[in-house]
Amino acid sequence: MNSVSAVMSGIRRQQGPEALYWHDRWLSYPELIRRIDEWKHRLAGWGVGQGTVCAVQGDYSPASCAAIFALIELRAIVVPFTRTAAKHVPEFCRIAGVQCMIILNDDDAADFRRLESGPLPGLLSEFLLQRHPGLVVFSSGSTGVPKGILHDCERVFLKFVEPRQGWRTLLFLLMDHFGGFNTLLATFAYGGSGICLPDRDPATVCRLVSQTGAELMPVTPTFLNFLLTTGAHREYDVSSVRLITYGTEVMLPATLKKIRAAFPNARFKQTYGLSELGVLQSSSAQDDSVWLRVGGPGFETKVVDGVLWVRSAANMVGYLNAASPIEPDGWMCTDDRVELDGENLRFWGRQTDLINVGGQKVYPSEVENVLLEAENVCEASVSGTPHPILGAVVQATVSLCRPEAEELLRERLREFCLGRLDRYKVPMRFSVVASTAQHSQRYKKVHEKQTGKEE
Amino acid sequence: MTTLEKVRAVILKMKKKNISEADLKPEAHLVGDLKLDSIDMAEMLVLAEEAFGLKISDDDVKNLTTIASAVEYLDKRLAK
């Protein structure tokens, strides 16, 4: 197996003028490759090489992309961090046994630091015997204790060896999450172009689409919903977008309908993956459908008691600080509740998100979708809250398109839901928040989820 | 509005087809007479909490059997 050199050789053969868009200019493939070589030289000078555990802190940029590829070619263990993860960095470094760190500022200037590190985690020490480059990403985990996920880059790169279409791609998903790393690889392995975003505000995203003619937007349903709320897509020319992929959380049919109308030139594709298993290939039954087939070469799926299980050739090596959830035969329970129709699946959310109302199960996504169909509701988030009689009841937090008296709103929404949902699914408590607050809250929820579940 | 009137308003707000204003006598049993099921009771509690601006604890739920007992309970809570 030598997938890393196969993919890196492919990248090195690219001659195109548009590899990476950053700070309003394109970096060509030859420039990117020159920077990778410069980084290899600098890293070697600092004693970084095969088996060194090296973190890269920053966001997508010429330096971060070049440093990551340089570390991989040197067969080091790469631990990417975004600036938003700053408060967790000391803990993450301890878990992964990080030995040195490259810190990049907004102008891409690099600060190299050696860290005091204890003994390497046992799993990592064993892995180093293979002399393969590695990748460590982190999952928040259901208990809130972050887990270090060790990947063998030879396995991760395998699915990028076969040439496919390269896209002009927005690098939206964070680079310290598996979905972001997957986007980065897919962009360059296929000779596409990556577009760095200074922030992930809808207006910034739409401006960069307009400036660069971006074709592929790998994003999240929450971002799409926020985009619709802000109307930023109407302020810029976003007609270049040909494909919007979305994952990491459940897509509500109501959101999908609205976003399709906002991007009439684009196809829509739901994606599915987990940090532990990689990103599966997927095809939506139809563009306006939330049903999809998942799998692709190297992946097997099965549904047991309504829950999806996956076996992947790109399975992680293991957790650095926890027992592996992968069964000895390679299967892993994803905890994602699904409905099966032939070969197509519909995702209903994580088992842990289910609300148990007096023994009856409620999927938040189903209720959120109904609320989004109600007049004057632009965002909705549903969860369970303890209740003395039923154990839990459904509560909803909504954002409104225009102000409305809360008491009347509660009555109106209750009535609306009663006509469309079983009684036990109807929210009993409603609260109203500003759209931005709702986005922050949901984004936080999604962001936390992303650390465990990708693209 | 008295506590009794407010309790009646809460129950009517639930818009149960089988309940009219005339049914809401103080001695009416919430489950036996008004046929409220567990979901109705749960909804009534939430609506009462909103209407009276207080939290009804798990232990107190068992005291709410009739309209009169609900009124008595709420009056005591409001007097504190």
# chains A, B, ... in the order shown; residues from 1 in each chain; ligands from 1
>>> closest_atom_pairs(of="chain B", to="chain A", cutoff="10 Å", atoms="only C-alpha atoms", output="CSV")
residue,atom,partner,partner_atom,distance
B:Lys13,CA,A:Glu411,CA,8.5
B:Met14,CA,A:Glu411,CA,9.4
B:Lys15,CA,A:Glu415,CA,9.5
B:Ser38,CA,A:Ile389,CA,6.8
B:Ile39,CA,A:Tyr424,CA,6.5
B:Asp40,CA,A:Arg423,CA,9.1
B:Met41,CA,A:Ile389,CA,7.6
B:Ala42,CA,A:Ile389,CA,6.1
B:Glu43,CA,A:Met428,CA,6.2
B:Met44,CA,A:Met428,CA,9.4
B:Leu45,CA,A:Ile389,CA,9.2
B:Val46,CA,A:Met428,CA,6.8
B:Leu47,CA,A:Met428,CA,8.2
B:Glu50,CA,A:Arg429,CA,9.2
B:Ile56,CA,A:Pro388,CA,8.9
B:Ser57,CA,A:Pro388,CA,7.5
B:Asp58,CA,A:Pro388,CA,4.9
B:Asp59,CA,A:Pro388,CA,8.3
B:Asp60,CA,A:Pro388,CA,9.4
B:Val61,CA,A:Pro388,CA,7.4
B:Lys62,CA,A:Ile389,CA,9.6
>>> select_by_dssp(residues="segment 143-287 of chain A", states="strand (DSSP E)", output="MDAnalysis selection string")
chainID A and resid 147:152 168:170 193:195 216:219 243:246 267:270 272:274 278:284
>>> residues_around(residues="Thr65 of chain B", least_positions_apart="4", cutoff="7 Å", atoms="only C-alpha atoms", output="number ranges by chain")
B: 29-30, 69-70
>>> write_last_selection(atoms="N, CA and C atoms", output="compact mmCIF listing (two decimals), in the first residue's frame")
# COMPACT_ATOMS: atom_id res chain seq x y z
N HIS B 29 -63.20 16.08 38.52
CA HIS B 29 -61.93 15.35 38.60
C HIS B 29 -61.24 15.44 37.23
N LEU B 30 -59.96 15.79 37.27
CA LEU B 30 -59.27 16.06 36.00
C LEU B 30 -59.21 14.82 35.11
N SER B 69 -58.70 21.16 43.93
CA SER B 69 -57.39 20.90 44.56
C SER B 69 -56.30 21.68 43.84
N ALA B 70 -56.48 21.85 42.57
CA ALA B 70 -55.49 22.65 41.82
C ALA B 70 -55.53 24.10 42.28
>>> select_by_dssp(residues="chain B", states="alpha helix (DSSP H)", output="JSON, numbers by chain")
{"B": [3, 4, 5, 6, 7, 8, 9, 10, 11, 12, 13, 38, 39, 40, 41, 42, 43, 44, 45, 46, 47, 48, 49, 50, 51, 52, 67, 68, 69, 70, 71, 72, 73, 74, 75, 76, 77, 78, 79]}
>>> residues_around(residues="segment 74-77 of chain B", least_positions_apart="4", cutoff="10 Å", atoms="only C-alpha atoms", output="short mmCIF file (atom, residue, chain, number, x, y, z; two decimals) with N, CA and C atoms, in the first residue's frame")
data_model
loop_
_atom_site.label_atom_id
_atom_site.label_comp_id
_atom_site.auth_asym_id
_atom_site.auth_seq_id
_atom_site.Cartn_x
_atom_site.Cartn_y
_atom_site.Cartn_z
N THR B 2 -59.84 35.51 39.29
CA THR B 2 -59.54 34.65 40.45
C THR B 2 -58.71 33.44 39.98
N THR B 3 -58.16 32.74 40.99
CA THR B 3 -57.37 31.55 40.65
C THR B 3 -58.25 30.52 39.93
N LEU B 4 -59.50 30.36 40.40
CA LEU B 4 -60.41 29.40 39.76
C LEU B 4 -60.63 29.77 38.29
N VAL B 7 -57.55 28.90 36.33
CA VAL B 7 -57.38 27.45 36.10
C VAL B 7 -58.33 27.01 34.98
N ALA B 48 -50.20 25.90 33.07
CA ALA B 48 -50.42 26.50 34.39
C ALA B 48 -49.16 27.20 34.87
N GLU B 49 -48.03 26.58 34.65
CA GLU B 49 -46.76 27.20 35.04
C GLU B 49 -46.59 28.54 34.34
N PHE B 52 -49.32 31.10 35.74
CA PHE B 52 -49.14 31.56 37.13
C PHE B 52 -47.70 31.98 37.42
N LEU B 54 -44.99 30.18 37.90
CA LEU B 54 -44.29 29.40 38.94
C LEU B 54 -43.97 28.01 38.40
N LYS B 55 -43.13 27.30 39.15
CA LYS B 55 -42.72 25.95 38.73
C LYS B 55 -43.43 24.96 39.63
N ILE B 56 -44.08 23.99 39.04
CA ILE B 56 -44.78 22.96 39.83
C ILE B 56 -43.84 21.77 39.97
N LEU B 64 -52.72 17.52 42.41
CA LEU B 64 -53.63 18.15 41.44
C LEU B 64 -54.58 17.10 40.87
N ALA B 68 -60.68 21.98 42.11
CA ALA B 68 -60.61 22.62 43.43
C ALA B 68 -59.23 22.39 44.06
N SER B 69 -58.70 21.16 43.93
CA SER B 69 -57.39 20.90 44.56
C SER B 69 -56.30 21.68 43.84
N ALA B 70 -56.48 21.85 42.57
CA ALA B 70 -55.49 22.65 41.82
C ALA B 70 -55.53 24.10 42.28
#
>>> atom_distance(atom1="atom CA of Thr212 of chain A", atom2="atom CA of Gly180 of chain A")
19.5 Å
>>> residues_around(residues="Gln50 of chain A", least_positions_apart="6", cutoff="9 Å", atoms="only C-alpha atoms", output="list in words")
Leu71, Ile72, Glu73, Leu74, Arg75, Ala76, Ile77, Leu128, Arg131, His132 and Pro133 of chain A
>>> write_last_selection(atoms="N, CA and C atoms", output="mmCIF file, in the first residue's frame")
data_model
loop_
_atom_site.group_PDB
_atom_site.id
_atom_site.type_symbol
_atom_site.label_atom_id
_atom_site.label_comp_id
_atom_site.auth_asym_id
_atom_site.auth_seq_id
_atom_site.Cartn_x
_atom_site.Cartn_y
_atom_site.Cartn_z
ATOM 1 N N LEU A 71 4.461 17.608 6.156
ATOM 2 C CA LEU A 71 4.538 16.677 7.292
ATOM 3 C C LEU A 71 4.139 15.264 6.856
ATOM 4 N N ILE A 72 3.137 15.201 5.994
ATOM 5 C CA ILE A 72 2.688 13.876 5.536
ATOM 6 C C ILE A 72 3.783 13.220 4.686
ATOM 7 N N GLU A 73 4.405 14.022 3.810
ATOM 8 C CA GLU A 73 5.486 13.449 2.992
ATOM 9 C C GLU A 73 6.679 13.035 3.863
ATOM 10 N N LEU A 74 6.853 13.725 4.983
ATOM 11 C CA LEU A 74 7.948 13.351 5.902
ATOM 12 C C LEU A 74 7.556 12.178 6.804
ATOM 13 N N ARG A 75 6.324 11.700 6.658
ATOM 14 C CA ARG A 75 5.782 10.590 7.464
ATOM 15 C C ARG A 75 5.685 10.949 8.949
ATOM 16 N N ALA A 76 5.353 12.195 9.195
ATOM 17 C CA ALA A 76 5.115 12.625 10.577
ATOM 18 C C ALA A 76 3.655 12.353 10.937
ATOM 19 N N ILE A 77 3.316 12.644 12.183
ATOM 20 C CA ILE A 77 1.917 12.537 12.626
ATOM 21 C C ILE A 77 1.390 13.973 12.702
ATOM 22 N N LEU A 128 3.723 3.808 15.060
ATOM 23 C CA LEU A 128 4.950 4.356 14.466
ATOM 24 C C LEU A 128 5.850 3.261 13.893
ATOM 25 N N ARG A 131 5.845 3.039 10.213
ATOM 26 C CA ARG A 131 6.483 4.135 9.474
ATOM 27 C C ARG A 131 5.528 4.806 8.475
ATOM 28 N N HIS A 132 4.248 4.807 8.797
ATOM 29 C CA HIS A 132 3.259 5.490 7.952
ATOM 30 C C HIS A 132 3.004 6.888 8.510
ATOM 31 N N PRO A 133 2.685 7.854 7.647
ATOM 32 C CA PRO A 133 2.242 9.150 8.188
ATOM 33 C C PRO A 133 0.879 8.982 8.859
#
>>> atom_distance(atom1="atom CA of Gly122 of chain A", atom2="atom CA of His88 of chain A")
21.7 Å
>>> atom_distance(atom1="atom CA of Arg207 of chain A", atom2="atom CA of Phe69 of chain A")
28.2 Å
>>> residues_around(residues="Leu185 of chain A", least_positions_apart="5", cutoff="9 Å", atoms="only C-alpha atoms", output="list in words")
Val7, Phe157, Phe160, Gly180 and Tyr190 of chain A
>>> write_last_selection(atoms="N, CA and C atoms", output="PDB file, in the first residue's frame")
ATOM      1  N   VAL A   7      -0.924   9.735  -4.292  1.00  0.00           N
ATOM      2  CA  VAL A   7      -1.710  10.979  -4.282  1.00  0.00           C
ATOM      3  C   VAL A   7      -0.775  12.190  -4.351  1.00  0.00           C
ATOM      4  N   PHE A 157      -5.746   8.095   2.460  1.00  0.00           N
ATOM      5  CA  PHE A 157      -5.463   8.566   1.098  1.00  0.00           C
ATOM      6  C   PHE A 157      -5.934   7.572   0.034  1.00  0.00           C
ATOM      7  N   PHE A 160      -8.454   8.394  -2.573  1.00  0.00           N
ATOM      8  CA  PHE A 160      -8.161   9.525  -3.462  1.00  0.00           C
ATOM      9  C   PHE A 160      -7.175   9.162  -4.567  1.00  0.00           C
ATOM     10  N   GLY A 180     -13.267  18.306   7.058  1.00  0.00           N
ATOM     11  CA  GLY A 180     -12.454  19.370   6.474  1.00  0.00           C
ATOM     12  C   GLY A 180     -11.204  18.798   5.826  1.00  0.00           C
ATOM     13  N   TYR A 190      -7.517  15.737  -6.749  1.00  0.00           N
ATOM     14  CA  TYR A 190      -8.169  15.696  -8.061  1.00  0.00           C
ATOM     15  C   TYR A 190      -7.833  16.927  -8.901  1.00  0.00           C
TER      16      TYR A 190
END
>>> residues_around(residues="Lys16 of chain B", least_positions_apart="6", cutoff="10 Å", atoms="only C-alpha atoms", output="VMD selection string")
chain B and resid 34 to 36 40
>>> closest_residue(among="B:Lys6, B:Tyr73, B:Asp33, B:Lys80", to="Ile19 of chain B", atoms="only C-alpha atoms")
B:Asp33
>>> decode(residues="segment 14-38 of chain B", atoms="N, CA and C atoms", output="PDB file, in the first residue's frame")
ATOM      1  N   MET B  14     -56.514  24.433  26.297  1.00  0.00           N
ATOM      2  CA  MET B  14     -56.069  23.169  25.699  1.00  0.00           C
ATOM      3  C   MET B  14     -56.984  22.726  24.555  1.00  0.00           C
ATOM      4  N   LYS B  15     -58.163  23.387  24.488  1.00  0.00           N
ATOM      5  CA  LYS B  15     -59.096  23.148  23.384  1.00  0.00           C
ATOM      6  C   LYS B  15     -59.441  21.677  23.217  1.00  0.00           C
ATOM      7  N   LYS B  16     -59.786  21.046  24.336  1.00  0.00           N
ATOM      8  CA  LYS B  16     -60.245  19.661  24.259  1.00  0.00           C
ATOM      9  C   LYS B  16     -61.693  19.688  23.794  1.00  0.00           C
ATOM     10  N   LYS B  17     -61.969  18.883  22.783  1.00  0.00           N
ATOM     11  CA  LYS B  17     -63.317  18.933  22.183  1.00  0.00           C
ATOM     12  C   LYS B  17     -64.420  18.550  23.172  1.00  0.00           C
ATOM     13  N   ASN B  18     -64.078  17.624  24.087  1.00  0.00           N
ATOM     14  CA  ASN B  18     -65.121  17.118  24.978  1.00  0.00           C
ATOM     15  C   ASN B  18     -65.305  17.981  26.233  1.00  0.00           C
ATOM     16  N   ILE B  19     -64.572  19.078  26.333  1.00  0.00           N
ATOM     17  CA  ILE B  19     -64.679  19.897  27.552  1.00  0.00           C
ATOM     18  C   ILE B  19     -65.283  21.264  27.221  1.00  0.00           C
ATOM     19  N   SER B  20     -66.384  21.582  27.893  1.00  0.00           N
ATOM     20  CA  SER B  20     -66.971  22.918  27.735  1.00  0.00           C
ATOM     21  C   SER B  20     -66.826  23.648  29.063  1.00  0.00           C
ATOM     22  N   GLU B  21     -67.126  24.918  29.065  1.00  0.00           N
ATOM     23  CA  GLU B  21     -66.981  25.720  30.278  1.00  0.00           C
ATOM     24  C   GLU B  21     -67.839  25.148  31.403  1.00  0.00           C
ATOM     25  N   ALA B  22     -69.002  24.618  31.013  1.00  0.00           N
ATOM     26  CA  ALA B  22     -69.934  24.092  32.023  1.00  0.00           C
ATOM     27  C   ALA B  22     -69.363  22.878  32.749  1.00  0.00           C
ATOM     28  N   ASP B  23     -68.435  22.192  32.116  1.00  0.00           N
ATOM     29  CA  ASP B  23     -67.843  21.006  32.763  1.00  0.00           C
ATOM     30  C   ASP B  23     -66.853  21.370  33.862  1.00  0.00           C
ATOM     31  N   LEU B  24     -66.401  22.606  33.875  1.00  0.00           N
ATOM     32  CA  LEU B  24     -65.288  22.970  34.736  1.00  0.00           C
ATOM     33  C   LEU B  24     -65.756  23.404  36.130  1.00  0.00           C
ATOM     34  N   LYS B  25     -66.484  22.495  36.781  1.00  0.00           N
ATOM     35  CA  LYS B  25     -66.938  22.762  38.157  1.00  0.00           C
ATOM     36  C   LYS B  25     -65.779  22.478  39.100  1.00  0.00           C
ATOM     37  N   PRO B  26     -65.749  23.125  40.247  1.00  0.00           N
ATOM     38  CA  PRO B  26     -64.630  22.910  41.169  1.00  0.00           C
ATOM     39  C   PRO B  26     -64.406  21.442  41.510  1.00  0.00           C
ATOM     40  N   GLU B  27     -65.484  20.684  41.651  1.00  0.00           N
ATOM     41  CA  GLU B  27     -65.319  19.287  42.073  1.00  0.00           C
ATOM     42  C   GLU B  27     -64.946  18.366  40.908  1.00  0.00           C
ATOM     43  N   ALA B  28     -64.886  18.905  39.700  1.00  0.00           N
ATOM     44  CA  ALA B  28     -64.596  18.048  38.525  1.00  0.00           C
ATOM     45  C   ALA B  28     -63.211  17.413  38.665  1.00  0.00           C
ATOM     46  N   HIS B  29     -63.196  16.084  38.521  1.00  0.00           N
ATOM     47  CA  HIS B  29     -61.928  15.349  38.600  1.00  0.00           C
ATOM     48  C   HIS B  29     -61.238  15.438  37.235  1.00  0.00           C
ATOM     49  N   LEU B  30     -59.962  15.791  37.272  1.00  0.00           N
ATOM     50  CA  LEU B  30     -59.270  16.058  35.999  1.00  0.00           C
ATOM     51  C   LEU B  30     -59.213  14.825  35.106  1.00  0.00           C
ATOM     52  N   VAL B  31     -58.961  13.685  35.713  1.00  0.00           N
ATOM     53  CA  VAL B  31     -58.858  12.461  34.910  1.00  0.00           C
ATOM     54  C   VAL B  31     -60.212  11.783  34.784  1.00  0.00           C
ATOM     55  N   GLY B  32     -60.881  11.570  35.944  1.00  0.00           N
ATOM     56  CA  GLY B  32     -62.154  10.841  35.954  1.00  0.00           C
ATOM     57  C   GLY B  32     -63.254  11.546  35.187  1.00  0.00           C
ATOM     58  N   ASP B  33     -63.433  12.862  35.439  1.00  0.00           N
ATOM     59  CA  ASP B  33     -64.541  13.589  34.812  1.00  0.00           C
ATOM     60  C   ASP B  33     -64.148  14.245  33.482  1.00  0.00           C
ATOM     61  N   LEU B  34     -63.000  14.906  33.494  1.00  0.00           N
ATOM     62  CA  LEU B  34     -62.622  15.651  32.274  1.00  0.00           C
ATOM     63  C   LEU B  34     -61.867  14.775  31.270  1.00  0.00           C
ATOM     64  N   LYS B  35     -61.523  13.551  31.707  1.00  0.00           N
ATOM     65  CA  LYS B  35     -60.876  12.559  30.814  1.00  0.00           C
ATOM     66  C   LYS B  35     -59.526  13.052  30.280  1.00  0.00           C
ATOM     67  N   LEU B  36     -58.813  13.775  31.132  1.00  0.00           N
ATOM     68  CA  LEU B  36     -57.477  14.203  30.691  1.00  0.00           C
ATOM     69  C   LEU B  36     -56.523  13.006  30.764  1.00  0.00           C
ATOM     70  N   ASP B  37     -55.787  12.781  29.717  1.00  0.00           N
ATOM     71  CA  ASP B  37     -54.789  11.699  29.760  1.00  0.00           C
ATOM     72  C   ASP B  37     -53.425  12.279  30.171  1.00  0.00           C
ATOM     73  N   SER B  38     -52.394  11.444  30.121  1.00  0.00           N
ATOM     74  CA  SER B  38     -51.095  11.888  30.646  1.00  0.00           C
ATOM     75  C   SER B  38     -50.526  13.056  29.832  1.00  0.00           C
TER      76      SER B  38
END
